[in-house]
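Note: the block below is my_file.cif and it holds mmCIF, C-alpha atoms.
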```cif
data_model
#
loop_
_atom_site.label_atom_id
_atom_site.label_comp_id
_atom_site.auth_asym_id
_atom_site.auth_seq_id
_atom_site.Cartn_x
_atom_site.Cartn_y
_atom_site.Cartn_z
CA MET G 392 111.57 78.94 78.50
CA ILE G 393 109.71 81.94 79.93
CA VAL G 394 109.11 81.86 83.67
CA PHE G 395 106.01 83.78 84.79
CA LEU G 396 105.94 85.95 87.89
CA ALA G 397 102.62 87.32 89.09
CA ILE G 398 101.77 89.78 91.82
CA ALA G 399 99.73 87.62 94.18
CA VAL G 400 101.40 84.73 95.98
CA ALA G 401 98.76 82.23 94.85
CA ALA G 402 99.10 83.23 91.21
CA PHE G 403 102.87 83.50 91.57
CA VAL G 404 103.16 79.92 92.78
CA TYR G 405 100.61 78.59 90.31
CA GLY G 406 102.46 80.11 87.36
CA PHE G 407 105.66 78.44 88.40
CA MET G 408 104.17 75.15 89.47
CA GLN G 409 102.92 74.55 85.94
CA LEU G 410 106.58 74.38 84.96
CA LEU G 411 107.77 72.12 87.75
CA ASP G 412 107.94 68.38 88.08
CA PRO G 413 108.14 67.46 91.76
CA ASP G 414 110.08 64.33 90.81
CA GLU G 415 112.87 66.27 89.11
CA ALA G 416 116.28 66.23 90.74
CA GLY G 417 116.59 69.98 90.30
CA GLY G 418 115.02 72.92 88.48
CA TRP G 419 112.59 75.50 89.76
CA GLN G 420 111.16 74.65 93.16
CA GLU G 421 109.44 76.51 95.94
CA ILE G 422 111.61 76.96 99.04
CA GLN G 423 109.76 77.45 102.30
CA ALA G 424 111.06 78.85 105.55
CA SER G 425 111.05 76.14 108.22
CA SER G 426 108.13 76.77 110.54
CA GLY G 427 109.71 75.39 113.72
CA ALA G 428 108.92 77.28 116.90
CA GLU G 429 110.29 80.69 115.87
CA LEU G 430 108.14 83.42 114.37
CA ASN G 431 109.21 84.47 110.90
CA CYS G 432 107.87 86.42 107.91
CA GLY G 433 108.03 83.49 105.46
CA GLY G 434 104.24 83.33 105.27
CA ASP G 435 104.18 86.67 103.44
CA PHE G 436 106.62 85.53 100.76
CA VAL G 437 107.18 82.93 98.09
CA LEU G 438 110.75 82.02 97.18
CA LEU G 439 111.22 80.06 93.97
CA TYR G 440 114.68 78.80 93.14
CA ASP G 441 116.39 77.02 90.26
CA LEU G 442 118.14 74.20 92.10
CA GLY G 443 120.99 72.19 90.69
CA GLY G 444 123.46 74.74 89.40
CA SER G 445 125.76 75.19 92.36
CA GLY G 446 128.04 72.20 91.77
CA SER G 447 126.88 70.51 94.98
CA SER G 448 124.08 67.98 95.22
CA VAL G 449 120.54 69.30 94.87
CA SER G 450 119.61 68.07 98.33
CA ALA G 451 122.62 69.78 99.90
CA GLU G 452 121.93 72.99 98.02
CA LYS G 453 118.27 72.96 99.03
CA LYS G 454 119.16 72.29 102.66
CA GLY G 455 121.64 75.17 102.75
CA LEU G 456 119.25 77.52 100.97
CA THR G 457 116.38 76.62 103.28
CA SER G 458 118.56 77.27 106.30
CA ALA G 459 119.74 80.64 104.99
CA TYR G 460 116.22 81.69 104.02
CA THR G 461 114.73 80.61 107.34
CA GLY G 462 117.37 82.46 109.32
CA ALA G 463 116.82 85.63 107.31
CA ALA G 464 113.03 85.34 107.65
CA VAL G 465 113.30 85.00 111.42
CA THR G 466 115.65 87.97 111.71
CA ALA G 467 113.55 90.15 109.41
CA TYR G 468 110.38 89.44 111.39
CA ARG G 469 112.07 90.32 114.66
CA LEU G 470 113.60 93.55 113.36
CA PHE G 471 110.62 95.09 111.57
CA THR G 472 107.74 94.01 113.77
CA ASN G 473 105.91 96.41 116.03
CA ASP G 474 103.98 93.58 117.65
CA GLY G 475 106.48 91.77 119.85
CA ASP G 476 109.62 91.98 121.95
CA PHE G 477 112.63 89.72 121.55
CA GLU G 478 115.62 89.40 123.84
CA ASP G 479 118.60 91.47 122.69
CA VAL G 480 116.69 92.75 119.61
CA HIS G 481 116.12 96.48 119.35
CA ASN G 482 113.31 96.39 116.82
CA VAL G 483 110.58 98.83 115.80
CA ARG G 484 108.58 98.05 118.92
CA TYR G 485 111.60 98.62 121.16
CA ILE G 486 112.34 101.96 119.47
CA ASN G 487 108.74 103.09 119.99
CA ARG G 488 108.90 102.32 123.68
CA HIS G 489 112.21 104.10 124.26
CA PRO G 490 111.80 107.62 122.86
CA ASN G 491 114.67 110.06 123.31
CA GLU G 492 117.11 107.27 124.14
CA VAL G 493 120.21 106.33 122.13
CA ILE G 494 119.64 102.81 120.79
CA ASP G 495 121.88 100.35 118.96
CA VAL G 496 120.02 98.74 116.06
CA ASP G 497 120.84 96.03 113.54
CA PRO G 498 122.51 97.31 110.32
CA ALA G 499 119.47 96.21 108.28
CA LEU G 500 117.09 98.31 110.36
CA TYR G 501 119.53 101.23 110.42
CA HIS G 502 119.77 101.09 106.62
CA ALA G 503 115.97 101.04 106.28
CA LEU G 504 115.64 104.12 108.48
CA GLU G 505 118.45 105.73 106.53
CA GLN G 506 116.56 105.18 103.26
CA VAL G 507 113.38 106.66 104.67
CA GLN G 508 115.22 109.73 105.88
CA ALA G 509 117.02 110.20 102.56
CA ALA G 510 113.70 110.03 100.71
CA GLY G 511 112.10 112.59 103.02
CA ASP G 512 109.13 110.27 103.53
CA ARG G 513 107.08 111.02 106.66
CA SER G 514 104.65 108.10 106.48
CA LEU G 515 106.97 106.29 108.91
CA TYR G 516 105.62 108.61 111.61
CA LEU G 517 101.98 107.55 111.21
CA GLY G 518 102.39 105.02 114.03
CA PRO G 519 99.46 106.34 116.11
CA VAL G 520 97.21 106.29 113.04
CA TYR G 521 98.08 102.71 112.12
CA GLU G 522 97.39 101.65 115.72
CA ILE G 523 93.72 102.48 115.20
CA TYR G 524 93.21 102.28 111.45
CA ASN G 525 94.48 98.70 111.09
CA GLY G 526 91.38 97.67 113.04
CA VAL G 527 89.26 98.30 109.95
CA PHE G 528 90.84 95.27 108.27
CA THR G 529 89.62 92.96 111.03
CA CYS G 530 85.98 94.06 110.71
CA GLU G 531 83.45 91.51 109.58
CA ASP G 532 80.78 93.96 108.43
CA ASP G 533 80.25 97.69 107.85
CA ALA G 534 78.60 98.16 111.24
CA GLN G 535 82.00 97.74 112.89
CA THR G 536 84.11 99.97 110.64
CA ALA G 537 83.13 103.42 111.96
CA ASP G 538 85.26 102.91 115.06
CA PHE G 539 88.37 102.70 112.87
CA ASP G 540 87.55 104.55 109.66
CA PRO G 541 88.07 108.35 109.60
CA LEU G 542 86.05 108.61 106.39
CA GLN G 543 82.97 107.66 108.45
CA ASN G 544 83.95 109.19 111.77
CA GLY G 545 84.49 112.94 111.99
CA SER G 546 86.11 112.83 115.43
CA LEU G 547 88.52 110.15 114.28
CA ARG G 548 89.34 112.14 111.17
CA ALA G 549 90.27 115.14 113.31
CA TYR G 550 92.39 112.91 115.56
CA PHE G 551 94.19 111.41 112.56
CA ALA G 552 94.88 114.91 111.23
CA GLU G 553 96.36 115.91 114.59
CA CYS G 554 98.57 112.81 114.65
CA ALA G 555 99.63 113.45 111.06
CA ALA G 556 100.53 117.04 111.95
CA PHE G 557 102.85 115.81 114.69
CA GLY G 558 104.25 113.13 112.38
CA GLY G 559 104.90 115.60 109.59
CA ASP G 560 106.92 117.90 111.84
CA PRO G 561 110.56 116.83 112.34
CA ALA G 562 110.72 119.10 115.39
CA SER G 563 107.99 116.97 116.99
CA VAL G 564 109.24 113.52 116.06
CA ASP G 565 112.21 112.33 114.08
CA VAL G 566 114.58 109.38 113.91
CA GLU G 567 118.08 110.74 114.36
CA LEU G 568 120.79 108.66 112.70
CA LEU G 569 123.84 108.96 114.92
CA GLY G 570 126.20 106.67 113.00
CA ASP G 571 127.80 103.36 113.99
CA GLY G 572 124.36 101.74 114.14
CA GLU G 573 123.01 104.12 116.76
CA ILE G 574 119.70 105.96 116.43
CA ARG G 575 117.51 108.14 118.61
CA LEU G 576 113.76 108.55 118.26
CA ALA G 577 113.52 112.23 119.17
CA VAL G 578 110.05 113.17 120.44
CA SER G 579 109.16 116.64 121.67
CA GLU G 580 107.72 117.30 125.11
CA GLU G 581 104.48 118.49 123.52
CA TYR G 582 104.09 115.30 121.51
CA LEU G 583 105.00 113.13 124.50
CA ALA G 584 102.30 114.84 126.54
CA PHE G 585 99.78 114.31 123.73
CA ALA G 586 100.84 110.66 123.44
CA GLN G 587 100.39 110.10 127.16
CA GLU G 588 96.95 111.69 127.10
CA GLU G 589 95.86 109.65 124.08
CA GLU G 590 97.60 106.44 125.25
CA ILE G 591 99.79 106.33 122.15
CA VAL G 592 102.55 103.72 122.27
CA SER G 593 103.69 103.71 118.61
CA PHE G 594 105.35 106.73 117.06
CA ILE G 595 106.77 104.95 114.00
CA ASP G 596 105.57 102.12 111.77
CA PHE G 597 106.74 101.10 108.29
CA GLY G 598 103.11 100.55 107.30
CA TRP G 599 102.48 99.36 103.75
CA MET G 600 106.19 99.57 102.90
CA LYS G 601 107.34 97.08 105.53
CA ASN G 602 107.53 94.12 103.18
CA ALA G 603 109.49 96.19 100.66
CA PHE G 604 112.31 96.54 103.18
CA ILE G 605 111.97 92.90 104.21
CA ALA G 606 112.05 91.73 100.57
CA ASP G 607 115.32 93.60 100.09
CA TYR G 608 116.78 92.17 103.28
CA LEU G 609 115.84 88.60 102.38
CA ALA G 610 117.05 88.92 98.79
CA ASP G 611 120.33 90.61 99.73
CA THR G 612 121.01 88.05 102.45
CA LEU G 613 120.52 85.18 100.00
CA ALA G 614 122.62 86.87 97.32
CA ASN G 615 125.46 87.51 99.79
CA ALA G 616 125.35 83.80 100.66
CA GLY G 617 125.74 82.92 96.97
CA TYR G 618 122.12 82.05 96.18
CA THR G 619 121.42 84.06 93.03
CA ARG G 620 119.20 81.82 90.89
CA GLY G 621 115.87 82.63 92.48
CA ALA G 622 112.99 85.07 92.67
CA LEU G 623 111.23 86.30 95.79
CA SER G 624 107.69 87.69 95.85
CA SER G 625 105.57 89.08 98.67
CA CYS G 626 101.81 88.77 98.94
CA ASP G 627 101.48 92.55 98.71
CA GLY G 628 103.36 93.18 95.48
CA PHE G 629 107.11 93.36 96.16
CA VAL G 630 109.35 91.22 93.95
CA ARG G 631 113.11 90.74 93.85
CA ASN G 632 114.51 88.64 91.02
CA LEU G 633 118.11 87.63 91.72
CA CYS G 634 118.84 85.70 88.53
CA GLN G 635 122.03 86.81 86.80
CA GLY G 636 121.74 84.66 83.66
CA GLY G 637 119.92 85.15 80.39
CA GLU G 638 116.69 83.42 81.35
CA THR G 639 113.54 85.30 80.31
CA PHE G 640 110.89 86.14 82.87
CA ALA G 641 107.37 87.46 82.44
CA PHE G 642 105.39 89.56 84.87
CA ASN G 643 101.61 89.89 84.62
CA ILE G 644 99.93 93.30 84.61
CA PHE G 645 96.35 93.58 85.83
CA ASP G 646 93.51 96.02 85.31
CA ARG G 647 91.53 95.87 88.55
CA GLY G 648 92.07 92.12 88.81
CA VAL G 649 91.76 91.35 85.10
CA ARG G 650 94.94 90.30 83.29
CA ALA G 651 95.85 93.05 80.83
CA GLY G 652 99.07 91.51 79.52
CA ALA G 653 102.61 90.69 80.53
CA MET G 654 106.03 92.31 80.32
CA THR G 655 109.11 90.20 79.71
CA TYR G 656 112.64 90.86 80.92
CA THR G 657 115.97 89.26 81.75
CA GLY G 658 118.40 89.78 84.59
CA PRO G 659 118.00 91.07 88.15
CA MET G 660 114.94 93.20 88.80
CA SER G 661 113.12 94.93 91.65
CA ILE G 662 109.37 95.25 91.09
CA VAL G 663 106.73 97.08 93.10
CA TYR G 664 103.05 96.58 92.26
CA LEU G 665 100.56 98.89 94.01
CA ARG G 666 96.79 98.48 93.68
CA SER G 667 93.68 99.97 95.20
CA TYR G 668 91.71 96.75 95.54
CA PRO G 669 91.96 93.27 97.08
CA MET G 670 92.83 90.47 94.67
CA ASN G 671 92.62 87.38 96.86
CA GLU G 672 92.06 86.14 100.39
CA LEU G 673 95.62 87.00 101.38
CA ASP G 674 94.68 90.66 101.03
CA ALA G 675 92.44 90.62 104.10
CA ALA G 676 95.18 92.33 106.10
CA ASN G 677 95.46 95.25 103.66
CA TYR G 678 91.96 96.05 102.39
CA TYR G 679 88.34 96.21 103.48
CA GLU G 680 85.55 96.39 100.90
CA MET G 681 82.44 98.25 102.00
CA SER G 682 78.97 97.03 101.07
CA ASP G 683 78.61 100.00 98.70
CA GLY G 684 81.78 98.99 96.83
CA GLY G 685 84.06 101.52 98.49
CA ILE G 686 87.45 100.17 99.52
CA ARG G 687 89.64 101.05 102.46
CA SER G 688 93.27 100.33 101.72
CA TYR G 689 96.42 100.50 103.83
CA TYR G 690 97.95 103.31 101.75
CA LEU G 691 97.76 106.26 104.16
CA ASP G 692 98.67 109.83 103.26
CA PRO G 693 101.17 111.27 105.77
CA ALA G 694 99.53 114.68 105.29
CA ASP G 695 96.23 113.73 106.93
CA GLY G 696 96.29 109.98 107.71
CA LEU G 697 93.56 109.16 105.17
CA CYS G 698 93.74 106.25 102.74
CA LYS G 699 94.31 107.35 99.14
CA THR G 700 95.20 105.67 95.85
CA ALA G 701 95.82 107.69 92.69
CA LEU G 702 94.65 104.84 90.41
CA ASP G 703 93.75 101.18 90.59
CA ASP G 704 97.00 99.64 89.31
CA LEU G 705 100.54 100.98 89.26
CA MET G 706 103.60 98.83 88.70
CA ALA G 707 107.16 100.12 88.72
CA TYR G 708 110.51 98.41 88.33
CA ALA G 709 114.21 99.12 88.48
CA CYS G 710 117.07 96.98 87.20
CA ASP G 711 119.60 98.50 89.58
CA GLY G 712 117.36 99.58 92.44
CA SER G 713 115.64 98.00 95.42
CA CYS G 714 112.02 97.38 96.38
CA ALA G 715 112.25 99.87 99.23
CA GLY G 716 113.85 102.55 97.07
CA THR G 717 111.21 102.06 94.39
CA ALA G 718 108.36 102.11 96.92
CA LEU G 719 109.68 105.30 98.53
CA ALA G 720 109.92 106.94 95.10
CA LEU G 721 106.35 105.91 94.20
CA ALA G 722 104.74 106.79 97.53
CA PRO G 723 104.05 110.51 96.97
CA LEU G 724 102.74 109.79 93.48
CA TYR G 725 100.47 106.88 94.34
CA VAL G 726 99.21 107.81 97.81
CA ALA G 727 97.46 110.84 96.43
CA ASP G 728 94.12 112.08 95.12
CA GLY G 729 95.27 111.85 91.51
CA LEU G 730 98.20 110.55 89.49
CA ASP G 731 101.15 112.83 88.75
CA ALA G 732 102.13 111.69 85.23
CA GLU G 733 105.03 114.14 85.13
CA GLY G 734 106.30 112.63 88.36
CA LEU G 735 106.34 109.15 86.77
CA SER G 736 108.28 110.57 83.80
CA ALA G 737 110.83 112.10 86.18
CA LEU G 738 111.28 108.71 87.86
CA ALA G 739 111.87 107.08 84.46
CA GLU G 740 114.79 109.44 83.94
CA ARG G 741 116.25 107.99 87.17
CA GLY G 742 115.80 104.40 85.97
CA VAL G 743 112.53 103.67 87.77
CA PHE G 744 110.07 102.78 85.01
CA SER G 745 106.32 102.34 85.42
CA VAL G 746 103.32 100.62 83.87
CA THR G 747 99.72 101.73 84.36
CA CYS G 748 96.48 100.47 82.91
CA GLY G 749 92.83 101.37 82.67
CA ASP G 750 90.01 101.69 80.15
CA GLY G 751 91.47 98.95 77.99
CA GLU G 752 94.87 100.63 77.65
CA VAL G 753 98.26 99.81 79.11
CA ARG G 754 100.79 102.65 79.23
CA TYR G 755 104.51 102.36 80.00
CA ASN G 756 107.50 104.70 79.85
CA ASP G 757 110.41 102.36 79.16
CA PRO G 758 111.16 102.39 75.41
CA ASP G 759 113.08 99.12 75.76
CA LEU G 760 110.24 97.26 77.46
CA THR G 761 108.74 94.23 75.73
CA PHE G 762 105.04 94.07 76.53
CA GLU G 763 102.42 91.71 75.14
CA PRO G 764 98.87 92.99 75.77
CA GLU G 765 95.97 90.66 76.41
CA GLU G 766 93.22 90.54 73.80
CA GLY G 767 91.06 93.63 74.16
CA TYR G 768 93.91 95.78 75.46
CA SER G 769 96.24 98.11 73.61
CA ALA G 770 99.74 99.12 74.71
CA VAL G 771 101.18 102.64 74.45
CA CYS G 772 104.74 103.72 75.18
CA ASP G 773 105.06 107.21 76.65
CA GLU G 774 108.70 108.03 75.93
#
```
Reformat the file's structure so that it appears as structure tokens.
Amino acid sequence: MIVFLAIAVAAFVYGFMQLLDPDEAGGWQEIQASSGAELNCGGDFVLLYDLGGSGSSVSAEKKGLTSAYTGAAVTAYRLFTNDGDFEDVHNVRYINRHPNEVIDVDPALYHALEQVQAAGDRSLYLGPVYEIYNGVFTCEDDAQTADFDPLQNGSLRAYFAECAAFGGDPASVDVELLGDGEIRLAVSEEYLAFAQEEEIVSFIDFGWMKNAFIADYLADTLANAGYTRGALSSCDGFVRNLCQGGETFAFNIFDRGVRAGAMTYTGPMSIVYLRSYPMNELDAANYYEMSDGGIRSYYLDPADGLCKTALDDLMAYACDGSCAGTALALAPLYVADGLDAEGLSALAERGVFSVTCGDGEVRYNDPDLTFEPEEGYSAVCDE
């Protein structure tokens, strides 16, 4: 049996639900984080799990899995949010409001910051830009967008460039990793003065990569608890498949919303799917489509704070990697004015393979990949 994974949550669930019988004692089922009274990030994810293989009863396994998933979803929300404070939690918001102080952070957040630093990615420091730019996604019509969109507002564009200049300079702002779970958000006096003048309260923000780090945290937490027969997908294209067996999975590839085919694989996999356009209603938080067809996405270039996408669809995967690691590797290639094909080839040599499509053609650089194109599409392997 081939189990289909798709990028969007709605399609992801639908593909699985065609295989499920709600009256079955076990098998593939959707596991939801308990809503309760605590905020959690479960609404951004779909967890599907093959119940019944643990040796315990299905009901007991489902109860334990739900508890573990809910706890992880609550913790992940609290750690990575920049929108709320929680007692005894030093999260992204807390870090932003305590510059130049030594702060103890949770190992998961420390590891995320460690990965960003190792990758040399400076988009983390676009906090002031995201504070304003995210407003474009709440607009109801084009008349409202100029207050948030630098592509329509020259003054805002200059402001974003100034913020990006500070963010791109480690001497102006940098997260110092001090070891033993301690960090320090080092901010220069010049930048602090600028922030005070401009009423900036956020220096860092994980932006479009936030759910990549959360997907890894959720998946790793479940795996460490012994739950390894499931697959986790976010609404914005981050997938972690934990299955260790020989079951075959399929993942759909799209060409600006049109299915171009599917790749099949077995075993654990981390998948990142980046796209320049909204696919469903869940994308309201990440895209705004202008009346002239232009699209504002949440992929911001750390060089100038402007939204950029090198092409419409780019999917990458790694058998031994993580969503965050894959996203960090893709970022400089995708958030750009044009695609760096040589850069994708270099990533393939490191075990991060990619699939692109356009003009009726699907191209991939993994010679071992099995890909079945949709009618009207051809598939080409760039070895």
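One distance worth recording is that between CA of Lys699 (chain G) and CA of Arg469 (chain G), which is 29.1 Å.
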- note - CA of Leu705 (chain G) and CA of Tyr725 (chain G) are separated by 7.8 Å
- Item | Interatomic distance (Å, one decimal) between CA of Gly518 (chain G) and CA of Asp692 (chain G) |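 CA of Asp692 (chain G) lies 12.4 Å from CA of Gly518 (chain G).
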Can you list, as a PDB file with C-alpha atoms, in the coordinates of the input, the residues that the PyMOL selection byres ((chain G and resi 737-750) around 8) selects here?
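part-v6.pdb, freshly written:
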```pdb
ATOM      1  CA  PHE G 645      96.350  93.580  85.830  1.00  0.00           C
ATOM      2  CA  ASP G 646      93.510  96.020  85.310  1.00  0.00           C
ATOM      3  CA  ALA G 651      95.850  93.050  80.830  1.00  0.00           C
ATOM      4  CA  ASP G 703      93.750 101.180  90.590  1.00  0.00           C
ATOM      5  CA  ASP G 704      97.000  99.640  89.310  1.00  0.00           C
ATOM      6  CA  LEU G 705     100.540 100.980  89.260  1.00  0.00           C
ATOM      7  CA  MET G 706     103.600  98.830  88.700  1.00  0.00           C
ATOM      8  CA  ALA G 707     107.160 100.120  88.720  1.00  0.00           C
ATOM      9  CA  TYR G 708     110.510  98.410  88.330  1.00  0.00           C
ATOM     10  CA  ALA G 709     114.210  99.120  88.480  1.00  0.00           C
ATOM     11  CA  CYS G 710     117.070  96.980  87.200  1.00  0.00           C
ATOM     12  CA  ASP G 711     119.600  98.500  89.580  1.00  0.00           C
ATOM     13  CA  GLY G 712     117.360  99.580  92.440  1.00  0.00           C
ATOM     14  CA  THR G 717     111.210 102.060  94.390  1.00  0.00           C
ATOM     15  CA  ALA G 720     109.920 106.940  95.100  1.00  0.00           C
ATOM     16  CA  GLU G 733     105.030 114.140  85.130  1.00  0.00           C
ATOM     17  CA  GLY G 734     106.300 112.630  88.360  1.00  0.00           C
ATOM     18  CA  LEU G 735     106.340 109.150  86.770  1.00  0.00           C
ATOM     19  CA  SER G 736     108.280 110.570  83.800  1.00  0.00           C
ATOM     20  CA  GLY G 751      91.470  98.950  77.990  1.00  0.00           C
ATOM     21  CA  GLU G 752      94.870 100.630  77.650  1.00  0.00           C
ATOM     22  CA  VAL G 753      98.260  99.810  79.110  1.00  0.00           C
ATOM     23  CA  ARG G 754     100.790 102.650  79.230  1.00  0.00           C
ATOM     24  CA  TYR G 755     104.510 102.360  80.000  1.00  0.00           C
ATOM     25  CA  ASN G 756     107.500 104.700  79.850  1.00  0.00           C
ATOM     26  CA  ASP G 757     110.410 102.360  79.160  1.00  0.00           C
TER      27      ASP G 757
END
```
- Item | Shell of 12 Å around Gly617 (chain G), all atoms listed in the file, local chain residues under 3 positions omitted, as an MDAnalysis selection string | chainID G and resid 444:445 452 455:456 459:460 610:614 620:621 633:635
- Task: Kindly resolve the PyMOL selection byres ((chain G and resi 575-585) around 12) on the present coordinates and return the residues as a PyMOL selection string.
- Result: chain G and resi 481+483-496+501+504+515-516+519+550+553-570+572-574+586-595
- Task: Can you give me, as a list in words, the residues this file yields under the PyMOL selection byres ((chain G and resi 700) around 6)?
- Result: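 For this structure, the PyMOL selection byres ((chain G and resi 700) around 6) captures Ser667, Lys699, Ala701, Leu702, Tyr725, Val726 and Ala727 of chain G.
Among the candidates G:Ala537, G:Arg631, G:Ala694, G:Glu765, the residue lying nearest to Val649 (chain G) is G:Glu765 (atoms considered: all atoms listed in the file).
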- Message: Given all atoms listed in the file as the basis, pick out the residue of G:Gly443, G:Glu505, G:Tyr689, G:Thr657 nearest to Ile523 (chain G).
- Response: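 With all atoms listed in the file as the atom set, the closest residue is G:Tyr689.
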- Item | Polymer residues at most 6 Å from Phe629 (chain G), all atoms listed in the file, same-chain spacing of 6 or more positions, as a ChimeraX atom specification | /G:603,662-663
Output the selection as a PDB file, in the frame of the given file - C-alpha atoms for each residue.
```pdb
ATOM      1  CA  ALA G 603     109.490  96.190 100.660  1.00  0.00           C
ATOM      2  CA  ILE G 662     109.370  95.250  91.090  1.00  0.00           C
ATOM      3  CA  VAL G 663     106.730  97.080  93.100  1.00  0.00           C
TER       4      VAL G 663
END
```
- Task: Between G:Phe528, G:Phe551, G:Phe539, G:Tyr618, single out the one closest to Tyr678 (chain G), counting all atoms listed in the file.
- Result: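 Looking only at the distances to Tyr678 (chain G), the closest residue turns out to be G:Phe528.
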- Item | Contacts of region 524-527 of chain G at 10 Å (all atoms listed in the file; same-chain gap of 2+ positions) as a PyMOL selection string | chain G and resi 518-522+529-533+535-541+547+551+598+676-680+687-689+691+696-698
